[in-house]
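Source file: coords18.txt (compact mmCIF, N, CA and C atoms)
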# COMPACT_ATOMS: atom_id res chain seq x y z
N MET J 1 -4.69 22.10 -45.29
CA MET J 1 -5.75 22.22 -44.31
C MET J 1 -5.51 21.18 -43.20
N PRO J 2 -5.47 21.62 -41.96
CA PRO J 2 -5.22 20.69 -40.86
C PRO J 2 -6.41 19.76 -40.63
N ASN J 3 -6.10 18.60 -40.10
CA ASN J 3 -7.16 17.64 -39.80
C ASN J 3 -7.98 18.13 -38.61
N GLN J 4 -9.29 18.03 -38.71
CA GLN J 4 -10.17 18.43 -37.62
C GLN J 4 -10.43 17.22 -36.73
N LEU J 5 -10.67 17.50 -35.47
CA LEU J 5 -10.98 16.42 -34.54
C LEU J 5 -12.43 15.99 -34.71
N SER J 6 -12.65 14.71 -34.54
CA SER J 6 -14.03 14.21 -34.61
C SER J 6 -14.75 14.58 -33.31
N ASP J 7 -16.07 14.44 -33.32
CA ASP J 7 -16.86 14.73 -32.12
C ASP J 7 -16.43 13.82 -30.97
N ARG J 8 -16.15 12.59 -31.29
CA ARG J 8 -15.73 11.63 -30.26
C ARG J 8 -14.41 12.07 -29.61
N GLU J 9 -13.48 12.53 -30.42
CA GLU J 9 -12.19 12.99 -29.88
C GLU J 9 -12.35 14.26 -29.06
N VAL J 10 -13.23 15.14 -29.49
CA VAL J 10 -13.49 16.37 -28.72
C VAL J 10 -14.09 16.01 -27.36
N ARG J 11 -15.05 15.09 -27.34
CA ARG J 11 -15.65 14.67 -26.06
C ARG J 11 -14.59 14.01 -25.16
N TRP J 12 -13.73 13.23 -25.77
CA TRP J 12 -12.66 12.56 -25.01
C TRP J 12 -11.73 13.59 -24.37
N LEU J 13 -11.36 14.63 -25.11
CA LEU J 13 -10.50 15.68 -24.56
C LEU J 13 -11.22 16.45 -23.45
N GLN J 14 -12.49 16.72 -23.64
CA GLN J 14 -13.25 17.42 -22.60
C GLN J 14 -13.33 16.59 -21.32
N ARG J 15 -13.53 15.29 -21.51
CA ARG J 15 -13.58 14.40 -20.35
C ARG J 15 -12.24 14.38 -19.62
N LEU J 16 -11.14 14.36 -20.37
CA LEU J 16 -9.82 14.42 -19.73
C LEU J 16 -9.64 15.70 -18.93
N HIS J 17 -10.10 16.82 -19.49
CA HIS J 17 -10.01 18.10 -18.77
C HIS J 17 -10.79 18.05 -17.46
N ARG J 18 -11.99 17.49 -17.52
CA ARG J 18 -12.84 17.43 -16.31
C ARG J 18 -12.24 16.50 -15.26
N ARG J 19 -11.59 15.43 -15.69
CA ARG J 19 -11.08 14.43 -14.74
C ARG J 19 -9.73 14.80 -14.13
N GLN J 20 -9.07 15.80 -14.65
CA GLN J 20 -7.74 16.16 -14.15
C GLN J 20 -7.73 16.44 -12.64
N PRO J 21 -8.56 17.35 -12.13
CA PRO J 21 -8.52 17.63 -10.69
C PRO J 21 -8.85 16.40 -9.85
N PHE J 22 -9.81 15.61 -10.32
CA PHE J 22 -10.19 14.40 -9.58
C PHE J 22 -9.03 13.41 -9.53
N ALA J 23 -8.34 13.22 -10.66
CA ALA J 23 -7.22 12.29 -10.71
C ALA J 23 -6.09 12.74 -9.78
N ILE J 24 -5.84 14.03 -9.75
CA ILE J 24 -4.78 14.56 -8.87
C ILE J 24 -5.18 14.38 -7.40
N ALA J 25 -6.45 14.61 -7.08
CA ALA J 25 -6.91 14.42 -5.70
C ALA J 25 -6.82 12.95 -5.28
N VAL J 26 -7.23 12.04 -6.15
CA VAL J 26 -7.13 10.61 -5.85
C VAL J 26 -5.67 10.20 -5.67
N ALA J 27 -4.79 10.76 -6.49
CA ALA J 27 -3.37 10.45 -6.37
C ALA J 27 -2.84 10.87 -5.00
N PHE J 28 -3.20 12.06 -4.56
CA PHE J 28 -2.73 12.52 -3.25
C PHE J 28 -3.31 11.67 -2.12
N VAL J 29 -4.56 11.24 -2.26
CA VAL J 29 -5.16 10.37 -1.24
C VAL J 29 -4.41 9.03 -1.18
N LEU J 30 -4.11 8.45 -2.35
CA LEU J 30 -3.36 7.19 -2.37
C LEU J 30 -1.96 7.35 -1.77
N ILE J 31 -1.30 8.44 -2.10
CA ILE J 31 0.03 8.69 -1.56
C ILE J 31 -0.03 8.82 -0.04
N ALA J 32 -0.99 9.60 0.45
CA ALA J 32 -1.11 9.80 1.90
C ALA J 32 -1.50 8.51 2.61
N ALA J 33 -2.45 7.78 2.04
CA ALA J 33 -2.89 6.54 2.68
C ALA J 33 -1.78 5.49 2.68
N GLY J 34 -1.10 5.33 1.57
CA GLY J 34 -0.02 4.35 1.50
C GLY J 34 1.13 4.70 2.42
N GLY J 35 1.53 5.95 2.40
CA GLY J 35 2.62 6.38 3.30
C GLY J 35 2.22 6.29 4.76
N GLY J 36 1.01 6.72 5.06
CA GLY J 36 0.54 6.66 6.45
C GLY J 36 0.42 5.24 6.97
N TYR J 37 -0.07 4.34 6.13
CA TYR J 37 -0.21 2.93 6.54
C TYR J 37 1.16 2.30 6.78
N SER J 38 2.13 2.62 5.93
CA SER J 38 3.48 2.08 6.11
C SER J 38 4.11 2.61 7.40
N VAL J 39 3.96 3.89 7.64
CA VAL J 39 4.52 4.48 8.87
C VAL J 39 3.82 3.89 10.10
N TRP J 40 2.50 3.74 10.02
CA TRP J 40 1.74 3.15 11.13
C TRP J 40 2.23 1.73 11.39
N ALA J 41 2.46 0.97 10.33
CA ALA J 41 2.94 -0.41 10.48
C ALA J 41 4.30 -0.45 11.17
N LEU J 42 5.18 0.47 10.79
CA LEU J 42 6.51 0.52 11.41
C LEU J 42 6.42 0.90 12.89
N GLN J 43 5.54 1.83 13.22
CA GLN J 43 5.40 2.24 14.61
C GLN J 43 4.75 1.15 15.46
N ARG J 44 3.89 0.37 14.85
CA ARG J 44 3.16 -0.67 15.57
C ARG J 44 4.01 -1.91 15.85
N PHE J 45 5.04 -2.12 15.05
CA PHE J 45 5.87 -3.32 15.21
C PHE J 45 6.69 -3.23 16.49
N LYS J 46 6.54 -4.25 17.30
CA LYS J 46 7.32 -4.35 18.55
C LYS J 46 7.97 -5.72 18.57
N LEU J 47 9.22 -5.76 18.94
CA LEU J 47 9.93 -7.03 18.98
C LEU J 47 9.26 -7.99 19.95
N GLY J 48 8.89 -9.14 19.45
CA GLY J 48 8.33 -10.19 20.30
C GLY J 48 6.87 -10.03 20.64
N ALA J 49 6.24 -8.95 20.24
CA ALA J 49 4.83 -8.74 20.58
C ALA J 49 3.95 -9.34 19.48
N SER J 50 2.83 -9.88 19.90
CA SER J 50 1.88 -10.45 18.95
C SER J 50 0.95 -9.36 18.46
N GLN J 51 0.87 -9.21 17.13
CA GLN J 51 0.00 -8.20 16.53
C GLN J 51 -1.45 -8.67 16.49
N SER J 52 -1.66 -9.97 16.56
CA SER J 52 -3.01 -10.49 16.42
C SER J 52 -3.85 -10.26 17.68
N ALA J 53 -3.25 -9.91 18.79
CA ALA J 53 -4.00 -9.67 20.02
C ALA J 53 -4.87 -8.42 19.89
N HIS J 54 -4.33 -7.37 19.29
CA HIS J 54 -5.06 -6.12 19.09
C HIS J 54 -4.91 -5.71 17.62
N PRO J 55 -5.74 -6.27 16.74
CA PRO J 55 -5.53 -6.10 15.30
C PRO J 55 -5.91 -4.75 14.72
N ASP J 56 -6.57 -3.89 15.45
CA ASP J 56 -7.02 -2.59 14.94
C ASP J 56 -7.94 -2.77 13.73
N PHE J 57 -7.70 -2.03 12.67
CA PHE J 57 -8.63 -2.04 11.54
C PHE J 57 -8.28 -3.06 10.46
N ASP J 58 -7.08 -3.57 10.44
CA ASP J 58 -6.68 -4.52 9.39
C ASP J 58 -6.67 -5.95 9.93
N VAL J 59 -7.84 -6.39 10.31
CA VAL J 59 -8.01 -7.71 10.93
C VAL J 59 -7.49 -8.84 10.04
N PRO J 60 -7.78 -8.87 8.73
CA PRO J 60 -7.28 -9.98 7.92
C PRO J 60 -5.76 -10.10 7.92
N ILE J 61 -5.08 -8.97 7.92
CA ILE J 61 -3.61 -9.03 7.93
C ILE J 61 -3.11 -9.48 9.30
N ALA J 62 -3.76 -9.05 10.36
CA ALA J 62 -3.36 -9.50 11.69
C ALA J 62 -3.61 -11.00 11.86
N ARG J 63 -4.63 -11.52 11.18
CA ARG J 63 -4.90 -12.96 11.25
C ARG J 63 -3.79 -13.79 10.61
N VAL J 64 -3.10 -13.19 9.64
CA VAL J 64 -1.98 -13.89 9.00
C VAL J 64 -0.94 -14.23 10.05
N GLN J 65 -0.71 -13.33 10.99
CA GLN J 65 0.27 -13.60 12.04
C GLN J 65 -0.17 -14.79 12.89
N ARG J 66 -1.44 -14.82 13.24
CA ARG J 66 -1.94 -15.93 14.05
C ARG J 66 -1.78 -17.26 13.31
N LEU J 67 -2.09 -17.26 12.01
CA LEU J 67 -1.93 -18.48 11.22
C LEU J 67 -0.46 -18.91 11.16
N PHE J 68 0.43 -17.94 10.98
CA PHE J 68 1.85 -18.24 10.92
C PHE J 68 2.35 -18.77 12.26
N GLU J 69 1.87 -18.17 13.34
CA GLU J 69 2.27 -18.65 14.68
C GLU J 69 1.82 -20.08 14.90
N GLN J 70 0.62 -20.44 14.40
CA GLN J 70 0.14 -21.81 14.54
C GLN J 70 0.97 -22.77 13.70
N LEU J 71 1.43 -22.33 12.54
CA LEU J 71 2.25 -23.18 11.69
C LEU J 71 3.60 -23.51 12.31
N ILE J 72 4.19 -22.53 12.96
CA ILE J 72 5.53 -22.74 13.52
C ILE J 72 5.50 -23.06 15.01
N ALA J 73 4.31 -23.25 15.56
CA ALA J 73 4.21 -23.53 16.99
C ALA J 73 4.90 -24.85 17.33
N ALA J 74 5.62 -24.81 18.40
CA ALA J 74 6.33 -26.01 18.85
C ALA J 74 5.33 -26.93 19.56
N PRO J 75 5.50 -28.20 19.38
CA PRO J 75 4.64 -29.11 20.13
C PRO J 75 4.87 -28.91 21.64
N GLN J 76 3.82 -29.10 22.40
CA GLN J 76 3.94 -28.91 23.84
C GLN J 76 4.81 -30.02 24.42
N VAL J 77 5.95 -29.61 24.90
CA VAL J 77 6.92 -30.55 25.46
C VAL J 77 7.22 -30.12 26.88
N GLU J 78 7.30 -31.08 27.74
CA GLU J 78 7.70 -30.78 29.12
C GLU J 78 9.21 -30.68 29.18
N ALA J 79 9.66 -29.58 29.71
CA ALA J 79 11.11 -29.37 29.84
C ALA J 79 11.60 -30.04 31.11
N ALA J 80 12.65 -30.81 30.97
CA ALA J 80 13.21 -31.51 32.12
C ALA J 80 14.25 -30.66 32.84
N THR J 81 14.91 -29.80 32.12
CA THR J 81 15.96 -28.97 32.72
C THR J 81 15.69 -27.51 32.44
N GLN J 82 16.45 -26.68 33.11
CA GLN J 82 16.31 -25.24 32.89
C GLN J 82 16.77 -24.87 31.48
N LEU J 83 17.76 -25.54 30.97
CA LEU J 83 18.23 -25.28 29.62
C LEU J 83 17.13 -25.57 28.60
N GLU J 84 16.41 -26.67 28.79
CA GLU J 84 15.31 -26.99 27.88
C GLU J 84 14.19 -25.95 27.99
N GLN J 85 13.92 -25.50 29.20
CA GLN J 85 12.91 -24.45 29.38
C GLN J 85 13.33 -23.18 28.63
N ARG J 86 14.59 -22.84 28.76
CA ARG J 86 15.11 -21.64 28.08
C ARG J 86 15.02 -21.80 26.56
N LEU J 87 15.36 -22.97 26.06
CA LEU J 87 15.32 -23.22 24.62
C LEU J 87 13.88 -23.15 24.09
N ILE J 88 12.93 -23.70 24.84
CA ILE J 88 11.52 -23.64 24.43
C ILE J 88 11.03 -22.20 24.42
N LYS J 89 11.40 -21.44 25.46
CA LYS J 89 10.99 -20.03 25.52
C LYS J 89 11.61 -19.23 24.37
N ASP J 90 12.89 -19.48 24.09
CA ASP J 90 13.55 -18.78 22.99
C ASP J 90 12.92 -19.12 21.65
N ARG J 91 12.53 -20.36 21.47
CA ARG J 91 11.89 -20.76 20.21
C ARG J 91 10.53 -20.06 20.06
N GLN J 92 9.79 -19.97 21.15
CA GLN J 92 8.50 -19.27 21.10
C GLN J 92 8.69 -17.78 20.80
N ASP J 93 9.70 -17.17 21.42
CA ASP J 93 10.00 -15.76 21.16
C ASP J 93 10.41 -15.54 19.71
N LEU J 94 11.22 -16.44 19.20
CA LEU J 94 11.66 -16.34 17.81
C LEU J 94 10.47 -16.50 16.85
N GLY J 95 9.55 -17.39 17.19
CA GLY J 95 8.35 -17.56 16.37
C GLY J 95 7.49 -16.32 16.36
N ARG J 96 7.32 -15.68 17.53
CA ARG J 96 6.56 -14.43 17.59
C ARG J 96 7.24 -13.33 16.79
N PHE J 97 8.58 -13.27 16.91
CA PHE J 97 9.32 -12.25 16.16
C PHE J 97 9.17 -12.47 14.66
N ALA J 98 9.32 -13.70 14.21
CA ALA J 98 9.22 -14.01 12.78
C ALA J 98 7.82 -13.71 12.26
N SER J 99 6.80 -14.06 13.02
CA SER J 99 5.44 -13.79 12.56
C SER J 99 5.14 -12.29 12.57
N GLY J 100 5.66 -11.57 13.56
CA GLY J 100 5.49 -10.11 13.58
C GLY J 100 6.21 -9.45 12.41
N LEU J 101 7.38 -9.97 12.09
CA LEU J 101 8.12 -9.44 10.94
C LEU J 101 7.39 -9.72 9.64
N LEU J 102 6.77 -10.88 9.55
CA LEU J 102 5.98 -11.22 8.36
C LEU J 102 4.83 -10.22 8.18
N VAL J 103 4.14 -9.92 9.25
CA VAL J 103 3.02 -8.98 9.18
C VAL J 103 3.53 -7.57 8.85
N LEU J 104 4.67 -7.19 9.42
CA LEU J 104 5.25 -5.88 9.12
C LEU J 104 5.58 -5.77 7.63
N ILE J 105 6.22 -6.79 7.09
CA ILE J 105 6.58 -6.76 5.67
C ILE J 105 5.33 -6.71 4.80
N LEU J 106 4.30 -7.45 5.18
CA LEU J 106 3.05 -7.44 4.42
C LEU J 106 2.41 -6.06 4.45
N ARG J 107 2.36 -5.45 5.63
CA ARG J 107 1.75 -4.13 5.76
C ARG J 107 2.53 -3.07 4.99
N VAL J 108 3.85 -3.08 5.12
CA VAL J 108 4.67 -2.09 4.42
C VAL J 108 4.57 -2.30 2.91
N SER J 109 4.49 -3.55 2.48
CA SER J 109 4.34 -3.82 1.04
C SER J 109 3.02 -3.27 0.51
N LEU J 110 1.94 -3.50 1.23
CA LEU J 110 0.64 -2.97 0.80
C LEU J 110 0.63 -1.45 0.79
N GLY J 111 1.22 -0.85 1.82
CA GLY J 111 1.31 0.61 1.86
C GLY J 111 2.15 1.15 0.73
N SER J 112 3.24 0.47 0.42
CA SER J 112 4.11 0.91 -0.67
C SER J 112 3.42 0.79 -2.02
N MET J 113 2.62 -0.25 -2.19
CA MET J 113 1.89 -0.40 -3.46
C MET J 113 0.91 0.75 -3.65
N ALA J 114 0.20 1.12 -2.60
CA ALA J 114 -0.74 2.25 -2.71
C ALA J 114 0.02 3.54 -2.98
N LEU J 115 1.14 3.72 -2.32
CA LEU J 115 1.96 4.92 -2.51
C LEU J 115 2.46 5.01 -3.95
N VAL J 116 2.95 3.91 -4.49
CA VAL J 116 3.46 3.91 -5.87
C VAL J 116 2.33 4.13 -6.87
N GLN J 117 1.17 3.54 -6.63
CA GLN J 117 0.04 3.77 -7.53
C GLN J 117 -0.35 5.25 -7.53
N GLY J 118 -0.31 5.86 -6.36
CA GLY J 118 -0.61 7.29 -6.28
C GLY J 118 0.41 8.12 -7.02
N LEU J 119 1.69 7.77 -6.90
CA LEU J 119 2.73 8.50 -7.62
C LEU J 119 2.59 8.34 -9.13
N ILE J 120 2.24 7.14 -9.57
CA ILE J 120 2.04 6.91 -11.00
C ILE J 120 0.85 7.75 -11.51
N LEU J 121 -0.25 7.71 -10.77
CA LEU J 121 -1.42 8.48 -11.17
C LEU J 121 -1.12 9.98 -11.20
N LEU J 122 -0.38 10.45 -10.20
CA LEU J 122 -0.02 11.86 -10.15
C LEU J 122 0.88 12.24 -11.32
N SER J 123 1.85 11.41 -11.62
CA SER J 123 2.75 11.74 -12.74
C SER J 123 2.01 11.72 -14.08
N VAL J 124 1.09 10.80 -14.25
CA VAL J 124 0.30 10.76 -15.49
C VAL J 124 -0.57 12.01 -15.60
N ALA J 125 -1.24 12.35 -14.51
CA ALA J 125 -2.13 13.52 -14.54
C ALA J 125 -1.34 14.81 -14.78
N LEU J 126 -0.18 14.93 -14.14
CA LEU J 126 0.61 16.15 -14.33
C LEU J 126 1.27 16.19 -15.71
N ALA J 127 1.57 15.03 -16.29
CA ALA J 127 2.14 15.00 -17.64
C ALA J 127 1.09 15.32 -18.69
N GLN J 128 -0.16 14.98 -18.44
CA GLN J 128 -1.23 15.25 -19.39
C GLN J 128 -1.57 16.74 -19.46
N LYS J 129 -1.40 17.41 -18.34
CA LYS J 129 -1.84 18.81 -18.26
C LYS J 129 -1.22 19.70 -19.34
N PRO J 130 0.11 19.73 -19.50
CA PRO J 130 0.67 20.59 -20.55
C PRO J 130 0.29 20.12 -21.96
N LEU J 131 0.17 18.82 -22.14
CA LEU J 131 -0.22 18.32 -23.45
C LEU J 131 -1.64 18.76 -23.82
N LEU J 132 -2.54 18.74 -22.85
CA LEU J 132 -3.90 19.19 -23.11
C LEU J 132 -3.94 20.69 -23.43
N LYS J 133 -3.06 21.46 -22.77
CA LYS J 133 -3.01 22.89 -23.07
C LYS J 133 -2.52 23.13 -24.50
N VAL J 134 -1.53 22.35 -24.92
CA VAL J 134 -1.02 22.49 -26.29
C VAL J 134 -2.12 22.12 -27.30
N ILE J 135 -2.84 21.05 -27.03
CA ILE J 135 -3.93 20.64 -27.92
C ILE J 135 -4.99 21.72 -27.99
N ASP J 136 -5.35 22.30 -26.85
CA ASP J 136 -6.34 23.37 -26.83
C ASP J 136 -5.86 24.58 -27.62
N LYS J 137 -4.59 24.92 -27.46
CA LYS J 137 -4.02 26.07 -28.17
C LYS J 137 -4.05 25.82 -29.69
N LEU J 138 -3.69 24.63 -30.10
CA LEU J 138 -3.72 24.29 -31.53
C LEU J 138 -5.15 24.29 -32.08
N ARG J 139 -6.08 23.80 -31.29
CA ARG J 139 -7.48 23.79 -31.72
C ARG J 139 -8.01 25.21 -31.87
N SER J 140 -7.63 26.10 -30.95
CA SER J 140 -8.13 27.47 -31.03
C SER J 140 -7.51 28.23 -32.21
N GLN J 141 -6.29 27.86 -32.60
CA GLN J 141 -5.64 28.52 -33.75
C GLN J 141 -6.23 28.05 -35.08
N THR J 142 -6.74 26.84 -35.13
CA THR J 142 -7.27 26.30 -36.40
C THR J 142 -8.72 26.71 -36.64
N ARG J 143 -9.37 27.31 -35.69
CA ARG J 143 -10.78 27.70 -35.87
C ARG J 143 -10.91 28.95 -36.67
Mind turning the file's structure into structure tokens?
Amino acid sequence: MPNQLSDREVRWLQRLHRRQPFAIAVAFVLIAAGGGYSVWALQRFKLGASQSAHPDFDVPIARVQRLFEQLIAAPQVEAATQLEQRLIKDRQDLGRFASGLLVLILRVSLGSMALVQGLILLSVALAQKPLLKVIDKLRSQTR
């Protein structure tokens, strides 16, 4: 005689069945949001441009650039020659580039994490589907 499922296990299986479409929808939302945010970050990155001037919707991440720019800011020095002026300007440009690259990497990393979480959720939900069908088929045969 096969083992029967307890009421708790039956409720658990029913809950899994009900949550399947929701889990798949959430997975697609995470995949789209993560991919879209990463693509948006790549399109927004401009060499030498400050992202903190127009931060859009991710203000905390854009503030990271401003903090980084303040950390690497050169002390205000009067340039005596044109070469010194050029060196100061190049250092400022390099600082803006480095801080913009930092923000780009942060944004792409966050987008990639959401994308990977969505892929994991989607793979789990799609892997559960055939297993739940097999369990249902076995339960219907034992009745």
* Mind pulling up the distance from atom CA of Arg18 of chain J to atom CA of Gly118 of chain J? -> 18.8 Å
* What would the list of residues within 12 Å of (-0.3, 17.7, -14.3) (file frame) look like as a list in words, if only C-alpha atoms are what count? ->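 Result, sorted by chain then residue number: Leu16, His17, Arg19, Gln20, Pro21, Phe22, Ala23, Ile24, Ala25, Ala27, Leu119, Ile120, Leu121, Leu122, Ser123, Val124, Ala125, Leu126, Ala127, Gln128, Lys129, Pro130, Leu131, Leu132 and Lys133 of chain J.
For the pair atom N of Gly95 of chain J and atom C of Pro75 of chain J, the interatomic distance is 13.2 Å.
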* To do: Might you pull out every residue within 12 Å of segment 55-71 of chain J, with only C-alpha atoms counted and same-chain residues fewer than 3 positions away left off, and present them as number ranges by chain?
  => J: 37, 40-41, 44-45, 48-52, 74-75, 91-110
* Among chain J, which residues carry a DSSP assignment of helix (DSSP H, G or I), reported as a ChimeraX atom specification? -> /J:7-44,59-71,82-142
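Note that atom N of Asp136 of chain J and atom CA of Trp12 of chain J are 12.3 Å apart.
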